[in-house]
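Undergrad: First the structure, which I've put down as structure tokens, then a few questions once you've had a look.
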Amino acid sequence: MTAGASTEELIRGYLAERFGAADLELRDVQRIAVGWSHETWLFDASWTAGEGRAAQGFCLRRDPGNALLREMSDLGTQFAVLQALEDTAVPTPRPFFYEPTPNALGAPFLVMEKVTGTCPSPWGREGRAFYQAAAERGVLPTSFTDALVAIHTVDWRAAGLDLLGVPEPGTGFARREIAKWRALIERTGVEPDPVLIDLICWLEANVPATDQLVLVHGAYRTGNLLIDDDQVSAVLDWETEVIGDPMYDVAYVLSELNREGTDLLSNIVERNDFRRRYEAGTGIEIDDARCDYYQLLYAMRSAAFWMSASGLYASGANDDLRLARTAWSIPVVLDNAARLLGY
Amino acid sequence: MGGDCSERAMTGPAPELLRRLATTMRERIAPAVDEPFARTQAFMAAVVLAKLAGQLAAAEPDARAADREREALVTELATRLPSPPSELDAALRDLRDDGSDPAWNRVVLAIYAGRDALGDRFDEVLATVRLALRARLDRALAYAS
């Protein structure tokens with residue numbers, strides 16, 4: 001790494017070496033404020049290749065070493081998952097390079113294709129208007145459902161995705177998730193709110209069993225999808241994926257937390273349309289009882305996220321103010337959990 | 001001289017000052033920032049300042065309400081459950097003097113741990129504690145949401 005060089009200069013130097021093109025140029029370099037766990041940079045590159053000029057848009061994700069899910073979402077796993085999904089029906093960015101050392105950019109990073117499309121935030125006015133209009137046009141709701149069907153019907157063993165770990169049949173998946181998020185809570189060193197303790201006790205006492213294991217995205221909703229011409233052009237945020245119960249993703253889609261002032265699931269699809277198309281596409285019947293359980297597990301997970309995120313800011317490990325703000329998201333999540341538990 | 005030093009150093013009560021800072025950040029500073037990441041940070045700063053203002057303003061009355069409710073809960077459970085399982089009994093005795101999260105958590109954990117011993121009373125005891133937890137949560141939601 002060249003001392004004093006800007007991130008842009010370092011990226012250019014790295015790609016120039018990888019492509020063997022000293023004249024490689026970068027354009028439209030921007031760090032975007034999306035995601036919580038890694039810095040994200042978008043840019044276009046062009047370089048001389050043979051007699052012509054090659055061009056490629058890239059997305060680079062760098063691990064700052066102090067971000068949310070640092071211990072649970074490593075870039076090497078993300079890169080391996082993208083590689084495993086490259087030849088499947090799941091729309092994902094093509095992975096190019098993964099660098100596990102800090103030698104080139106001061107921290108590990110991966111480089112993947114910059115996929116055409118936009119990612120409107122479902123939490124903002126413009127995003128809500130976008131999804132409402134797209135829902136009325138009718139194409140995106142179908143594409144939204146079909147992309148989840150593609151994820152849940154991937155032959156994950158053939159794709160090598162057992163690298164993610166395979167839970168024991170029965171209650172293994174739910175127990176693993178509870179243990180994972182409990183560990184994150186414990187790592188914060190902060191005493192949990194008693195409502196969260198109540199929630200965890202309830203989850204442990206009511207674990208559902210399933211023998212259906214699929215690739216689970218873990219955060220499947222609008223806002224984590226790139227949209228191009230009303231089609232899902234890429235499923236993003238491969239940070240919480242697991243091999244597990246398909247109802248875990250379905251519950252997330254059905255969640256009230258993922259729709260802002262609309263009856264449409266994830267701001268985009270009618271409930272009955274989603275159910276019909278999902279069940280027809282996957283051959284998996286939606287189990288409402290398991291989905292109800294996972295709504296509560298998501299509440300635990302969200303509380304763990306926000307405890308971890310706000311703790312990173314409070315400890316001085318990370319100065320991103322979005323993390324600081326999440327301290328006040330914890331009561332909101334616990335309110336949802338308490339209501340689901342009946343109080 | 002005298003008075004609260006935070007009020008001496010500023011132009012009024014701290015929560016009001018934080019609210020004004022939040023407004024300035026949200027309405028004047030953040031919109032003037034062009035760079036997207038920094039702009040998001042500026043808007044987040046406004047949100048954080050506003051939340052802090054609400055939390056600070058509510059701190060004293062919330063603490064008084066929490067003490068009252070905790071004492072009422074301990075008294076009610078002592079009446080409803082004259083002979084609680086030993087772990088729950090110890091946790092409730094701690095809660096009488098200590099309203100911290102760890103003390104509350106020991107009560108919740110003891111209820112679940114004593115589920116078999118509580119038998120038919122489990123749901124009733126848990127519901128009683130949950131009423132108190134609900135009140136705590138509602139107070140936090142007043143400035144969090």
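Starting from 1 in every chain, residues are counted up; chains themselves are A, B, ... following the order of the structure tokens, and ligands are numbered from 1 as listed.
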Residues of chain B that have any atom at most 7 Å from an atom of chain A: could you tabulate them with the shortest-distance atom pair and the distance in Å to one decimal, using only C-alpha atoms, ordered by chain and increasing number, as a tab-separated table?
TA:
residue	atom	partner	partner_atom	distance
B:Phe37	CA	A:Ala33	CA	5.2
B:Gln41	CA	A:Leu321	CA	5.8
B:Met44	CA	A:Leu321	CA	5.8
B:Ala45	CA	A:Leu321	CA	6.4
B:Val48	CA	A:Arg325	CA	5.6
B:Asp101	CA	A:Asp193	CA	6.1
B:Pro102	CA	A:Glu191	CA	6.6
B:Trp104	CA	A:Pro194	CA	5.9
B:Asn105	CA	A:Pro194	CA	5.0
B:Val108	CA	A:Asp198	CA	6.2
B:Tyr112	CA	A:Cys201	CA	6.9
B:Arg130	CA	A:Tyr343	CA	6.7
B:Leu133	CA	A:Val195	CA	6.6
B:Arg134	CA	A:Tyr343	CA	6.7
B:Leu137	CA	A:Pro331	CA	6.5
B:Ala140	CA	A:Pro331	CA	6.4
B:Leu141	CA	A:Pro331	CA	6.1
B:Ala144	CA	A:Trp328	CA	4.8
B:Ser145	CA	A:Val332	CA	6.3
Undergrad: Mind checking which residues fall within 8 Å of stretch 256-273 of chain A, counting only C-alpha atoms, ignoring those fewer than 3 positions away in the same chain, and posting them as JSON, numbers by chain?
TA: {"A": [122, 123, 128, 131, 132, 134, 135, 140, 141, 142, 144, 221, 222, 252, 253, 276, 277]}
Undergrad: From a DSSP calculation on the backbone, collect every residue of stretch 177-328 of chain A in helix (DSSP H, G or I) and output the set as a VMD selection string.
TA: chain A and resid 177 to 188 194 to 205 246 to 254 256 to 258 271 to 282 288 to 314 321 to 328
Undergrad: If we count only C-alpha atoms, what is near A:Ala16 at a cut-off of 12 Å, once residues fewer than 2 positions away on the same chain are taken out, given as a list in words?
TA: Glu9, Leu10, Ile11, Arg12, Gly13, Tyr14, Arg18, Phe19, Gly20, Ala21, Ala22, Asp23, Leu24, Glu25, Leu26, Ala45, Ser46, Trp47, Thr48, Ala49 and Ala104 of chain A
Undergrad: Since we have the selection now, will you write its residues out, keeping N, CA and C atoms, as a compact mmCIF listing (two decimals), in the first residue's frame?
TA:
# COMPACT_ATOMS: atom_id res chain seq x y z
N GLU A 9 -6.95 6.33 -5.36
CA GLU A 9 -5.66 5.99 -5.99
C GLU A 9 -5.28 4.54 -5.70
N LEU A 10 -5.57 4.10 -4.49
CA LEU A 10 -5.23 2.72 -4.13
C LEU A 10 -6.07 1.72 -4.93
N ILE A 11 -7.35 2.04 -5.09
CA ILE A 11 -8.22 1.15 -5.87
C ILE A 11 -7.73 1.08 -7.31
N ARG A 12 -7.41 2.24 -7.85
CA ARG A 12 -6.94 2.29 -9.25
C ARG A 12 -5.67 1.45 -9.41
N GLY A 13 -4.75 1.62 -8.48
CA GLY A 13 -3.49 0.87 -8.55
C GLY A 13 -3.72 -0.63 -8.47
N TYR A 14 -4.64 -1.02 -7.58
CA TYR A 14 -4.93 -2.45 -7.40
C TYR A 14 -5.51 -3.05 -8.69
N ARG A 18 -4.22 -5.92 -11.28
CA ARG A 18 -4.99 -7.15 -11.52
C ARG A 18 -5.27 -7.36 -13.00
N PHE A 19 -5.56 -6.25 -13.70
CA PHE A 19 -5.88 -6.37 -15.12
C PHE A 19 -4.65 -6.19 -16.01
N GLY A 20 -3.50 -5.96 -15.40
CA GLY A 20 -2.29 -5.75 -16.20
C GLY A 20 -2.44 -4.57 -17.13
N ALA A 21 -3.04 -3.49 -16.62
CA ALA A 21 -3.33 -2.34 -17.47
C ALA A 21 -2.93 -1.06 -16.73
N ALA A 22 -1.72 -0.60 -17.02
CA ALA A 22 -1.21 0.59 -16.32
C ALA A 22 -2.05 1.83 -16.63
N ASP A 23 -2.76 1.80 -17.75
CA ASP A 23 -3.53 3.00 -18.12
C ASP A 23 -4.97 2.95 -17.59
N LEU A 24 -5.24 2.02 -16.69
CA LEU A 24 -6.61 1.90 -16.16
C LEU A 24 -7.06 3.21 -15.52
N GLU A 25 -8.26 3.63 -15.87
CA GLU A 25 -8.80 4.88 -15.34
C GLU A 25 -10.08 4.59 -14.57
N LEU A 26 -10.31 5.38 -13.53
CA LEU A 26 -11.56 5.28 -12.77
C LEU A 26 -12.40 6.52 -13.01
N ALA A 45 -14.58 1.63 -14.39
CA ALA A 45 -13.16 1.56 -14.80
C ALA A 45 -13.09 1.30 -16.30
N SER A 46 -12.05 1.83 -16.91
CA SER A 46 -11.80 1.50 -18.31
C SER A 46 -10.29 1.36 -18.51
N TRP A 47 -9.92 0.50 -19.42
CA TRP A 47 -8.50 0.25 -19.65
C TRP A 47 -8.31 -0.33 -21.06
N THR A 48 -7.07 -0.23 -21.52
CA THR A 48 -6.75 -0.75 -22.85
C THR A 48 -6.67 -2.27 -22.80
N ALA A 49 -7.40 -2.90 -23.70
CA ALA A 49 -7.39 -4.36 -23.77
C ALA A 49 -7.29 -4.73 -25.25
N ALA A 104 -3.35 -4.16 0.15
CA ALA A 104 -3.67 -3.27 -0.98
C ALA A 104 -4.44 -2.03 -0.55
Undergrad: Please run DSSP on the backbone and report, as a PDB file with C-alpha atoms, in the first residue's frame, all residues within stretch 59-293 of chain A that come out as strand (DSSP E or B).
TA:
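Final output, saved to result05.pdb:
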ATOM      1  CA  CYS A  59     -18.695  -2.302  -6.512  1.00  0.00           C
ATOM      2  CA  LEU A  60     -16.019  -2.611  -3.840  1.00  0.00           C
ATOM      3  CA  ARG A  61     -16.822  -3.520  -0.245  1.00  0.00           C
ATOM      4  CA  ARG A  62     -14.104  -2.921   2.310  1.00  0.00           C
ATOM      5  CA  PRO A  95     -17.671 -11.578  -7.984  1.00  0.00           C
ATOM      6  CA  PHE A  96     -14.232 -10.541  -9.277  1.00  0.00           C
ATOM      7  CA  PHE A  97     -11.649 -10.370  -6.517  1.00  0.00           C
ATOM      8  CA  TYR A  98     -11.316 -10.956  -2.806  1.00  0.00           C
ATOM      9  CA  GLU A  99      -8.327  -9.731  -0.849  1.00  0.00           C
ATOM     10  CA  PHE A 109     -12.115  -6.114   0.580  1.00  0.00           C
ATOM     11  CA  LEU A 110     -13.990  -7.716  -2.250  1.00  0.00           C
ATOM     12  CA  VAL A 111     -14.685  -6.424  -5.726  1.00  0.00           C
ATOM     13  CA  MET A 112     -17.816  -7.370  -7.579  1.00  0.00           C
ATOM     14  CA  GLU A 113     -19.767  -6.260 -10.602  1.00  0.00           C
ATOM     15  CA  THR A 118     -31.371   1.300  -8.363  1.00  0.00           C
ATOM     16  CA  GLY A 170     -35.598 -30.686  13.773  1.00  0.00           C
ATOM     17  CA  THR A 210     -38.377 -28.293  10.529  1.00  0.00           C
ATOM     18  CA  VAL A 214     -32.845 -24.191   1.968  1.00  0.00           C
ATOM     19  CA  LEU A 215     -30.507 -21.306   1.308  1.00  0.00           C
ATOM     20  CA  VAL A 216     -31.963 -18.504   3.437  1.00  0.00           C
ATOM     21  CA  LEU A 225     -32.622  -5.568  -3.900  1.00  0.00           C
ATOM     22  CA  LEU A 226     -31.407  -3.767  -6.989  1.00  0.00           C
ATOM     23  CA  ILE A 227     -34.236  -2.972  -9.365  1.00  0.00           C
ATOM     24  CA  ASP A 228     -33.826  -2.441 -13.088  1.00  0.00           C
ATOM     25  CA  GLN A 231     -37.074  -6.524 -12.401  1.00  0.00           C
ATOM     26  CA  VAL A 232     -34.856  -7.601  -9.515  1.00  0.00           C
ATOM     27  CA  SER A 233     -31.445  -7.263 -11.143  1.00  0.00           C
ATOM     28  CA  ALA A 234     -29.499  -8.317  -8.047  1.00  0.00           C
ATOM     29  CA  VAL A 235     -30.132  -9.560  -4.540  1.00  0.00           C
ATOM     30  CA  VAL A 242     -27.664 -19.357   6.346  1.00  0.00           C
ATOM     31  CA  ILE A 243     -28.811 -22.810   5.473  1.00  0.00           C
ATOM     32  CA  GLY A 244     -32.089 -23.034   7.288  1.00  0.00           C
ATOM     33  CA  LEU A 265     -45.599  -6.987   1.732  1.00  0.00           C
ATOM     34  CA  VAL A 269     -46.556  -7.365  -3.295  1.00  0.00           C
TER      35      VAL A 269
END
Undergrad: Would you kindly return, as a list in words, each protein, DNA or RNA residue with an atom no farther than 9 Å from any atom of stretch 49-60 of chain B, considering only C-alpha atoms and excluding same-chain residues fewer than 5 positions away?
TA: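 After dropping sequence-adjacent residues, the list is Arg325 and Trp328 of chain A; Ala14, Pro15, Glu16, Leu17, Leu18, Arg19, Arg20, Leu21, Ala22, Thr23, Met44, Ala65, Arg139, Ala140, Ala142, Tyr143, Ala144 and Ser145 of chain B.
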Undergrad: Residues within 12 Å of B:Arg93, please, as a ChimeraX atom specification. Count only C-alpha atoms; anything in the same chain fewer than 4 positions from it doesn't count.
TA: /B:70-71,73-75,77-78,84,86-89,97-99,103-104,106-107
Undergrad: Can you write out the residues you just picked, keeping N, CA and C atoms, as a PDB file, in the first residue's frame?
TA:
ATOM      1  N   ARG B  70     -42.299  -0.392  40.503  1.00  0.00           N
ATOM      2  CA  ARG B  70     -41.524  -1.541  40.982  1.00  0.00           C
ATOM      3  C   ARG B  70     -41.979  -1.933  42.384  1.00  0.00           C
ATOM      4  N   GLU B  71     -42.155  -0.945  43.237  1.00  0.00           N
ATOM      5  CA  GLU B  71     -42.615  -1.249  44.608  1.00  0.00           C
ATOM      6  C   GLU B  71     -43.997  -1.890  44.569  1.00  0.00           C
ATOM      7  N   LEU B  73     -45.312  -3.635  42.158  1.00  0.00           N
ATOM      8  CA  LEU B  73     -45.206  -4.995  41.616  1.00  0.00           C
ATOM      9  C   LEU B  73     -44.743  -5.974  42.694  1.00  0.00           C
ATOM     10  N   VAL B  74     -43.713  -5.606  43.411  1.00  0.00           N
ATOM     11  CA  VAL B  74     -43.183  -6.502  44.440  1.00  0.00           C
ATOM     12  C   VAL B  74     -44.247  -6.785  45.498  1.00  0.00           C
ATOM     13  N   THR B  75     -44.980  -5.757  45.874  1.00  0.00           N
ATOM     14  CA  THR B  75     -46.043  -5.932  46.870  1.00  0.00           C
ATOM     15  C   THR B  75     -47.138  -6.846  46.321  1.00  0.00           C
ATOM     16  N   LEU B  77     -46.955  -9.133  43.960  1.00  0.00           N
ATOM     17  CA  LEU B  77     -46.512 -10.523  43.813  1.00  0.00           C
ATOM     18  C   LEU B  77     -46.382 -11.212  45.167  1.00  0.00           C
ATOM     19  N   ALA B  78     -46.010 -10.445  46.174  1.00  0.00           N
ATOM     20  CA  ALA B  78     -45.914 -11.030  47.524  1.00  0.00           C
ATOM     21  C   ALA B  78     -47.295 -11.489  47.990  1.00  0.00           C
ATOM     22  N   PRO B  84     -43.129 -18.252  46.804  1.00  0.00           N
ATOM     23  CA  PRO B  84     -42.567 -18.442  45.458  1.00  0.00           C
ATOM     24  C   PRO B  84     -41.394 -19.420  45.485  1.00  0.00           C
ATOM     25  N   SER B  86     -37.677 -20.639  45.325  1.00  0.00           N
ATOM     26  CA  SER B  86     -36.610 -19.913  46.039  1.00  0.00           C
ATOM     27  C   SER B  86     -35.873 -18.921  45.150  1.00  0.00           C
ATOM     28  N   GLU B  87     -35.591 -19.313  43.901  1.00  0.00           N
ATOM     29  CA  GLU B  87     -34.855 -18.400  43.010  1.00  0.00           C
ATOM     30  C   GLU B  87     -35.662 -17.135  42.740  1.00  0.00           C
ATOM     31  N   LEU B  88     -36.968 -17.335  42.537  1.00  0.00           N
ATOM     32  CA  LEU B  88     -37.839 -16.180  42.292  1.00  0.00           C
ATOM     33  C   LEU B  88     -37.974 -15.338  43.551  1.00  0.00           C
ATOM     34  N   ASP B  89     -38.053 -15.993  44.665  1.00  0.00           N
ATOM     35  CA  ASP B  89     -38.147 -15.283  45.941  1.00  0.00           C
ATOM     36  C   ASP B  89     -36.929 -14.366  46.116  1.00  0.00           C
ATOM     37  N   ASP B  97     -35.194  -3.558  46.252  1.00  0.00           N
ATOM     38  CA  ASP B  97     -34.219  -2.499  46.544  1.00  0.00           C
ATOM     39  C   ASP B  97     -33.456  -2.023  45.316  1.00  0.00           C
ATOM     40  N   ASP B  98     -33.638  -2.701  44.215  1.00  0.00           N
ATOM     41  CA  ASP B  98     -32.767  -2.444  43.064  1.00  0.00           C
ATOM     42  C   ASP B  98     -33.600  -2.499  41.782  1.00  0.00           C
ATOM     43  N   GLY B  99     -33.770  -1.364  41.132  1.00  0.00           N
ATOM     44  CA  GLY B  99     -34.581  -1.318  39.913  1.00  0.00           C
ATOM     45  C   GLY B  99     -33.759  -1.406  38.646  1.00  0.00           C
ATOM     46  N   ALA B 103     -31.451  -6.608  37.844  1.00  0.00           N
ATOM     47  CA  ALA B 103     -32.406  -7.072  38.860  1.00  0.00           C
ATOM     48  C   ALA B 103     -33.708  -7.524  38.203  1.00  0.00           C
ATOM     49  N   TRP B 104     -34.171  -6.763  37.256  1.00  0.00           N
ATOM     50  CA  TRP B 104     -35.378  -7.174  36.513  1.00  0.00           C
ATOM     51  C   TRP B 104     -35.137  -8.484  35.771  1.00  0.00           C
ATOM     52  N   ARG B 106     -33.142 -10.873  36.485  1.00  0.00           N
ATOM     53  CA  ARG B 106     -33.128 -12.042  37.396  1.00  0.00           C
ATOM     54  C   ARG B 106     -34.556 -12.500  37.699  1.00  0.00           C
ATOM     55  N   VAL B 107     -35.471 -11.550  37.802  1.00  0.00           N
ATOM     56  CA  VAL B 107     -36.870 -11.915  38.055  1.00  0.00           C
ATOM     57  C   VAL B 107     -37.446 -12.693  36.870  1.00  0.00           C
TER      58      VAL B 107
END
Undergrad: Just give me the gap between atom CA of A:Tyr220 and atom CA of A:Leu75 in Å, one decimal is fine.
TA: 18.9 Å
Undergrad: What is the distance between atom CA of A:Ser121 and atom CA of A:Ala133, in Å to one decimal?
TA: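 Here the two named atoms are 14.1 Å from each other.
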Undergrad: So how far away is atom CA of A:Gly172 from atom CA of A:Asp249, in Å?
TA: 16.6 Å
Undergrad: Which is closest to A:Asp162 among A:Ala129, A:Val81, A:Val139, A:Leu105, if we use only C-alpha atoms?
TA: A:Val81
Undergrad: For B:Gly114, please output as an NGL selection string all residues within 7 Å (counting only C-alpha atoms; exclusion window: fewer than 4 positions along the same chain).
TA: :B and (85 or 110 or 118)
Undergrad: Write out, as a PDB file, in the first residue's frame, the residues just selected, with C-alpha atoms.
TA:
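Printed below is again.pdb as written:
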ATOM      1  CA  PRO B  85     -39.845 -20.805  44.260  1.00  0.00           C
ATOM      2  CA  ALA B 110     -36.416 -16.971  37.707  1.00  0.00           C
ATOM      3  CA  LEU B 118     -45.147 -22.371  39.506  1.00  0.00           C
TER       4      LEU B 118
END
